[in-house]
>>> print(open('coords.tsv').read())   # TSV, C-alpha atoms
chain	number	residue	atom	x	y	z
A	1	MET	CA	-22.18	12.43	-48.51
A	2	THR	CA	-19.59	14.88	-47.32
A	3	VAL	CA	-15.84	14.70	-47.86
A	4	ARG	CA	-13.28	17.11	-46.46
A	5	VAL	CA	-9.53	17.45	-46.84
A	6	GLN	CA	-8.05	19.66	-44.14
A	7	ARG	CA	-4.97	20.52	-42.13
A	8	GLU	CA	-6.93	20.92	-38.87
A	9	ASP	CA	-7.78	18.20	-36.38
A	10	PHE	CA	-11.36	16.93	-36.01
A	11	ASP	CA	-13.67	16.09	-33.10
A	12	VAL	CA	-15.21	12.65	-33.65
A	13	GLY	CA	-18.13	13.19	-31.26
A	14	ALA	CA	-19.04	16.56	-32.70
A	15	GLU	CA	-18.81	15.24	-36.27
A	16	MET	CA	-20.99	12.25	-35.44
A	17	ALA	CA	-23.61	14.39	-33.71
A	18	ALA	CA	-23.71	16.83	-36.63
A	19	LEU	CA	-23.99	14.02	-39.20
A	20	THR	CA	-26.90	12.24	-37.53
A	21	ARG	CA	-28.81	15.21	-36.13
A	22	GLY	CA	-32.46	15.30	-37.17
A	23	ASN	CA	-32.42	12.03	-39.12
A	24	THR	CA	-34.51	9.47	-37.24
A	25	GLN	CA	-34.19	6.88	-40.02
A	26	ILE	CA	-30.69	6.17	-38.76
A	27	GLY	CA	-30.48	3.05	-36.61
A	28	GLY	CA	-26.74	2.50	-36.51
A	29	VAL	CA	-23.60	4.56	-36.87
A	30	THR	CA	-20.08	3.23	-37.31
A	31	SER	CA	-16.85	5.20	-37.37
A	32	PHE	CA	-13.23	4.51	-38.20
A	33	VAL	CA	-10.46	6.80	-36.94
A	34	GLY	CA	-6.94	6.34	-38.27
A	35	LEU	CA	-4.08	7.54	-36.05
A	36	VAL	CA	-0.44	8.22	-36.88
A	37	ARG	CA	1.43	5.16	-35.68
A	38	ASP	CA	5.06	5.51	-34.64
A	39	MET	CA	6.86	3.29	-37.14
A	40	GLY	CA	10.33	4.61	-36.29
A	41	GLY	CA	10.90	2.19	-33.42
A	42	GLY	CA	12.18	5.01	-31.23
A	43	ALA	CA	14.53	6.50	-33.83
A	44	GLY	CA	13.46	9.95	-34.92
A	45	SER	CA	10.29	11.73	-33.88
A	46	GLY	CA	7.94	9.35	-35.70
A	47	ALA	CA	6.26	12.40	-37.18
A	48	MET	CA	5.15	12.43	-40.80
A	49	THR	CA	4.06	14.89	-43.43
A	50	LEU	CA	1.14	14.07	-45.66
A	51	GLU	CA	1.18	15.40	-49.19
A	52	HIS	CA	-1.86	15.20	-51.46
A	53	TYR	CA	-3.10	16.20	-54.89
A	54	PRO	CA	-5.53	19.11	-54.32
A	55	GLY	CA	-8.50	18.75	-56.62
A	56	MET	CA	-8.07	15.07	-57.42
A	57	THR	CA	-8.13	14.14	-53.73
A	58	GLU	CA	-11.57	15.64	-53.17
A	59	LYS	CA	-12.79	14.12	-56.45
A	60	MET	CA	-11.58	10.61	-55.54
A	61	LEU	CA	-12.96	10.77	-52.00
A	62	ALA	CA	-16.34	11.86	-53.40
A	63	ALA	CA	-16.25	9.01	-55.96
A	64	ILE	CA	-15.46	6.44	-53.26
A	65	ASP	CA	-18.22	7.85	-51.07
A	66	ASP	CA	-20.68	7.67	-54.02
A	67	GLU	CA	-19.70	4.03	-54.53
A	68	ALA	CA	-20.48	3.24	-50.87
A	69	HIS	CA	-23.92	4.84	-51.24
A	70	ALA	CA	-24.53	2.82	-54.41
A	71	ARG	CA	-23.67	-0.45	-52.66
A	72	TRP	CA	-25.35	0.01	-49.28
A	73	PRO	CA	-28.52	1.76	-48.06
A	74	LEU	CA	-26.87	4.63	-46.19
A	75	GLU	CA	-28.55	7.62	-44.60
A	76	ALA	CA	-25.40	9.69	-44.15
A	77	SER	CA	-21.62	9.49	-44.46
A	78	LEU	CA	-18.57	11.60	-43.77
A	79	VAL	CA	-14.94	11.24	-44.84
A	80	VAL	CA	-12.33	13.63	-43.40
A	81	HIS	CA	-8.64	13.27	-44.27
A	82	ARG	CA	-5.89	15.50	-42.91
A	83	TYR	CA	-2.69	16.62	-44.60
A	84	GLY	CA	0.45	18.44	-43.44
A	85	ARG	CA	2.73	17.48	-40.56
A	86	LEU	CA	1.31	15.06	-37.99
A	87	GLU	CA	2.83	13.44	-34.92
A	88	PRO	CA	2.39	9.93	-33.49
A	89	GLY	CA	-1.03	9.63	-31.89
A	90	ASP	CA	-2.53	12.39	-34.04
A	91	GLN	CA	-5.79	11.68	-35.82
A	92	ILE	CA	-5.27	11.39	-39.56
A	93	VAL	CA	-8.50	10.10	-41.11
A	94	LEU	CA	-12.15	9.84	-40.05
A	95	ILE	CA	-14.95	7.84	-41.62
A	96	ILE	CA	-18.49	7.88	-40.26
A	97	VAL	CA	-21.33	5.92	-41.82
A	98	ALA	CA	-24.98	5.92	-40.75
A	99	SER	CA	-27.62	3.47	-41.92
A	100	PRO	CA	-30.99	2.13	-40.75
A	101	HIS	CA	-29.24	-1.17	-39.90
A	102	ARG	CA	-25.85	-2.11	-38.50
A	103	ALA	CA	-24.64	-4.52	-41.20
A	104	ALA	CA	-24.61	-1.85	-43.90
A	105	ALA	CA	-22.96	0.66	-41.56
A	106	PHE	CA	-20.15	-1.76	-40.61
A	107	GLU	CA	-19.54	-2.96	-44.16
A	108	ALA	CA	-19.63	0.46	-45.80
A	109	CYS	CA	-17.22	1.88	-43.22
A	110	HIS	CA	-14.76	-0.97	-43.83
A	111	PHE	CA	-15.12	-0.57	-47.59
A	112	LEU	CA	-14.49	3.19	-47.43
A	113	ILE	CA	-11.20	2.94	-45.53
A	114	ASP	CA	-9.96	0.04	-47.69
A	115	TRP	CA	-10.70	1.86	-50.94
A	116	LEU	CA	-9.45	5.20	-49.67
A	117	LYS	CA	-6.04	3.71	-48.90
A	118	THR	CA	-5.41	2.63	-52.47
A	119	LYS	CA	-7.40	5.21	-54.46
A	120	ALA	CA	-7.01	8.59	-52.75
A	121	PRO	CA	-3.87	10.50	-53.79
A	122	PHE	CA	-2.04	10.93	-50.46
A	123	TRP	CA	1.62	10.23	-49.74
A	124	LYS	CA	3.33	9.93	-46.36
A	125	LEU	CA	6.82	11.27	-45.75
A	126	GLU	CA	8.14	9.83	-42.49
A	127	GLU	CA	10.80	11.55	-40.38
A	128	THR	CA	13.45	8.98	-39.53
A	129	GLY	CA	15.71	11.08	-37.34
A	130	ALA	CA	18.78	13.28	-37.81
A	131	GLY	CA	16.92	15.41	-40.33
A	132	GLU	CA	16.34	12.40	-42.59
A	133	ALA	CA	12.99	11.42	-44.05
A	134	ARG	CA	11.71	8.60	-46.23
A	135	TRP	CA	8.59	8.10	-48.30
A	136	VAL	CA	6.40	5.36	-46.88
A	137	GLU	CA	5.99	2.53	-49.38
A	138	ALA	CA	2.59	1.22	-50.45
A	139	ARG	CA	1.76	-2.18	-48.98
A	140	GLU	CA	0.52	-5.14	-50.98
A	141	SER	CA	-1.81	-6.02	-48.10
A	142	ASP	CA	-3.61	-2.71	-48.71
A	143	ASP	CA	-4.09	-3.62	-52.38
A	144	ALA	CA	-5.43	-7.02	-51.34
A	145	ALA	CA	-7.84	-5.42	-48.87
A	146	ALA	CA	-9.18	-3.08	-51.55
A	147	GLU	CA	-9.38	-5.89	-54.11
A	148	ARG	CA	-11.52	-7.96	-51.75
A	149	TRP	CA	-14.33	-5.42	-52.19
A	150	ALA	CA	-13.95	-5.52	-55.96
A	151	ALA	CA	-14.30	-9.30	-55.80
A	152	ASN	CA	-17.43	-8.98	-53.62
A	153	SER	CA	-18.90	-6.58	-56.13
A	154	ARG	CA	-18.32	-8.98	-59.00
A	155	ARG	CA	-19.81	-11.87	-57.06
A	156	GLU	CA	-22.93	-9.89	-56.19
A	157	ALA	CA	-23.29	-8.79	-59.79
A	158	ALA	CA	-23.16	-12.42	-60.93
A	159	GLU	CA	-25.91	-13.51	-58.55
B	1	MET	CA	-0.20	20.88	-70.99
B	2	LYS	CA	0.30	20.93	-67.25
B	3	ILE	CA	2.47	18.29	-65.59
B	4	LEU	CA	2.38	17.69	-61.84
B	5	TYR	CA	4.82	15.59	-59.81
B	6	PHE	CA	4.17	14.28	-56.31
B	7	ALA	CA	6.09	12.68	-53.43
B	8	TRP	CA	9.52	11.28	-54.42
B	9	LEU	CA	8.92	12.03	-58.09
B	10	ARG	CA	8.65	15.72	-57.14
B	11	GLN	CA	11.83	15.51	-55.07
B	12	ARG	CA	13.89	13.58	-57.62
B	13	THR	CA	12.90	15.76	-60.56
B	14	GLY	CA	13.11	18.92	-58.47
B	15	THR	CA	9.81	20.01	-60.05
B	16	GLY	CA	6.32	20.22	-58.55
B	17	GLU	CA	4.44	21.62	-61.49
B	18	GLU	CA	5.23	22.84	-64.98
B	19	GLU	CA	3.65	23.81	-68.28
B	20	ILE	CA	4.98	22.23	-71.46
B	21	SER	CA	3.85	21.92	-75.06
B	22	LEU	CA	3.20	18.36	-76.15
B	23	PRO	CA	6.56	17.34	-77.63
B	24	GLU	CA	6.57	16.26	-81.26
B	25	GLY	CA	6.11	12.50	-81.63
B	26	VAL	CA	4.55	12.08	-78.17
B	27	HIS	CA	1.07	10.58	-78.34
B	28	ASP	CA	0.54	8.88	-74.97
B	29	VAL	CA	1.68	8.79	-71.35
B	30	ALA	CA	4.45	6.27	-72.10
B	31	GLY	CA	5.80	8.59	-74.79
B	32	LEU	CA	5.69	11.54	-72.42
B	33	ILE	CA	7.68	9.64	-69.79
B	34	ASP	CA	10.26	8.61	-72.39
B	35	TRP	CA	10.57	12.24	-73.41
B	36	LEU	CA	10.93	13.37	-69.78
B	37	LYS	CA	13.75	10.83	-69.28
B	38	GLY	CA	15.73	12.64	-71.95
B	39	ARG	CA	15.70	15.91	-70.02
B	40	GLY	CA	18.56	15.07	-67.69
B	41	PRO	CA	20.01	12.56	-65.25
B	42	GLU	CA	17.57	13.48	-62.47
B	43	TYR	CA	14.59	12.73	-64.73
B	44	LEU	CA	16.20	9.56	-66.05
B	45	GLU	CA	16.70	8.33	-62.49
B	46	ALA	CA	13.20	9.38	-61.32
B	47	PHE	CA	11.52	7.49	-64.17
B	48	SER	CA	13.88	4.49	-64.31
B	49	ASP	CA	11.23	2.08	-62.98
B	50	THR	CA	7.85	2.83	-64.56
B	51	SER	CA	6.23	-0.02	-62.59
B	52	ALA	CA	6.61	2.22	-59.51
B	53	ILE	CA	4.78	5.11	-61.17
B	54	ARG	CA	1.07	5.89	-61.23
B	55	VAL	CA	-0.54	8.36	-63.61
B	56	ALA	CA	-3.62	10.56	-63.60
B	57	VAL	CA	-4.85	12.48	-66.63
B	58	ASN	CA	-7.29	15.31	-65.88
B	59	GLN	CA	-7.49	13.99	-62.31
B	60	GLU	CA	-8.65	10.51	-63.35
B	61	PHE	CA	-6.45	7.42	-63.05
B	62	ALA	CA	-4.81	6.63	-66.36
B	63	THR	CA	-2.33	4.14	-67.82
B	64	LEU	CA	0.84	4.34	-69.87
B	65	GLU	CA	-1.33	3.80	-72.96
B	66	THR	CA	-3.64	6.75	-72.26
B	67	VAL	CA	-3.66	9.06	-75.30
B	68	LEU	CA	-2.52	12.68	-74.86
B	69	ARG	CA	-3.55	15.58	-77.09
B	70	GLY	CA	-1.67	18.37	-75.37
B	71	ASN	CA	-4.36	20.14	-73.35
B	72	GLU	CA	-4.42	17.76	-70.36
B	73	GLU	CA	-3.33	17.97	-66.76
B	74	VAL	CA	-1.00	14.98	-66.31
B	75	ALA	CA	0.05	13.95	-62.80
B	76	LEU	CA	2.87	11.49	-62.10
B	77	PHE	CA	3.29	9.94	-58.66
B	78	PRO	CA	4.23	6.79	-56.71
B	79	PRO	CA	1.59	4.37	-55.33
B	80	MET	CA	-0.57	6.13	-52.75
B	81	THR	CA	-0.12	5.76	-49.00
B	82	GLY	CA	-3.02	7.62	-47.40
B	83	GLY	CA	-5.41	6.50	-44.71
>>> encode(input="coords.tsv", output="structure tokens")
Amino acid sequence: MTVRVQREDFDVGAEMAALTRGNTQIGGVTSFVGLVRDMGGGAGSGAMTLEHYPGMTEKMLAAIDDEAHARWPLEASLVVHRYGRLEPGDQIVLIIVASPHRAAAFEACHFLIDWLKTKAPFWKLEETGAGEARWVEARESDDAAAERWAANSRREAAE
Amino acid sequence: MKILYFAWLRQRTGTGEEEISLPEGVHDVAGLIDWLKGRGPEYLEAFSDTSAIRVAVNQEFATLETVLRGNEEVALFPPMTGG
């Protein structure tokens, strides 16, 4: 139920403790942490700069989070996405979902990262070495992953 | 209206954000992009492949057919790569 867009790093343990504190209806918590992967194959620093659309980013993350709460019985959720320059191994995105039962927590967490990848306005500029940089291209597999949840939604609606 | 450009659209046009008046004869996003293409070679090149361009109007996803009245915030950007 909280979304944050920030330049600073985050502490997964502290965030999880803060999110679940005092709520004894929670029976399971799942988290997803995305890290900057070195895609340069040794050329360049592998660092990247994340650009986003202030205003729309927060709005889209909140909408995706609302959708997760509409689909699953969740007690709490948190989405944190960083922007600015990040190096390989740096944490880039955090999703934490808490529910009375594990199935909802696992599914909602998976749904949130899949939808975030195709619906939140972020763009990665990758440093390729010698002062060069290239914009990372969107992957069709990410669209397919997001679409899978749309298909699930339609199937459930038909039942 | 306010126009925002992100990622390589910002770099290729050399513009991050600008205010314009809705040009005469422009009624939708497709019309706006056609008008932008006429501003110079850098715009023509940036908007050469509209299939690679995503649009938001007032911070909601929109399409080339979305109607514009002149008081919107229109954002133009490539497919997103967050996460």
>>> interface_residues(input="coords.tsv", of="chain B", to="chain A", cutoff="10 Å", atoms="all atoms listed in the file", output="count of residues only")
19
>>> atom_distance(input="coords.tsv", atom1="atom CA of B:Val55", atom2="atom CA of A:Asp66")
22.3 Å
>>> closest_residue(input="coords.tsv", among="B:Met1, B:Gly25, B:Ile33, B:Glu73", to="B:Glu45", atoms="only C-alpha atoms")
B:Ile33
>>> residues_near_point(input="coords.tsv", point="(14.6, 18.1, -63.7)", cutoff="10 Å", atoms="all atoms listed in the file", output="list in words")
Arg10, Gln11, Arg12, Thr13, Gly14, Thr15, Gly16, Leu36, Lys37, Gly38, Arg39, Gly40, Pro41, Glu42, Tyr43, Leu44 and Ala46 of chain B
>>> axis_aligned_box(input="coords.tsv", around="stretch 1-19 of chain B", padding_each_side="4 Å", output="lines of an AutoDock Vina configuration file")
center_x = 6.8
center_y = 17.5
center_z = -62.2
size_x = 22.1
size_y = 20.5
size_z = 25.6
>>> closest_residue(input="coords.tsv", among="A:Val12, A:Met48, A:Val29, A:Val79", to="A:Arg102", atoms="all atoms listed in the file")
A:Val29
>>> atom_distance(input="coords.tsv", atom1="atom CA of A:Ser99", atom2="atom CA of A:His69")
10.1 Å
>>> atom_distance(input="coords.tsv", atom1="atom CA of A:Thr49", atom2="atom CA of A:Gly84")
5.1 Å
>>> closest_residue(input="coords.tsv", among="B:Gly31, B:Leu9, B:Val57, B:Thr50", to="B:Val74", atoms="all atoms listed in the file")
B:Val57
>>> residues_around(input="coords.tsv", residues="A:Ala68", least_positions_apart="3", cutoff="6 Å", atoms="only C-alpha atoms", output="list in words")
Asp65, Arg71 and Ala108 of chain A
>>> residues_around(input="coords.tsv", residues="stretch 14-22 of chain A", least_positions_apart="2", cutoff="12 Å", atoms="all atoms listed in the file", output="VMD selection string")
chain A and resid 1 to 4 9 to 12 24 to 33 74 to 80 94 to 100
>>> residues_near_point(input="coords.tsv", point="(3.3, 8.4, -69.3)", cutoff="8 Å", atoms="all atoms listed in the file", output="list in words")
Asp28, Val29, Ala30, Gly31, Leu32, Ile33, Asp34, Val55, Thr63, Leu64, Glu65, Thr66 and Leu76 of chain B
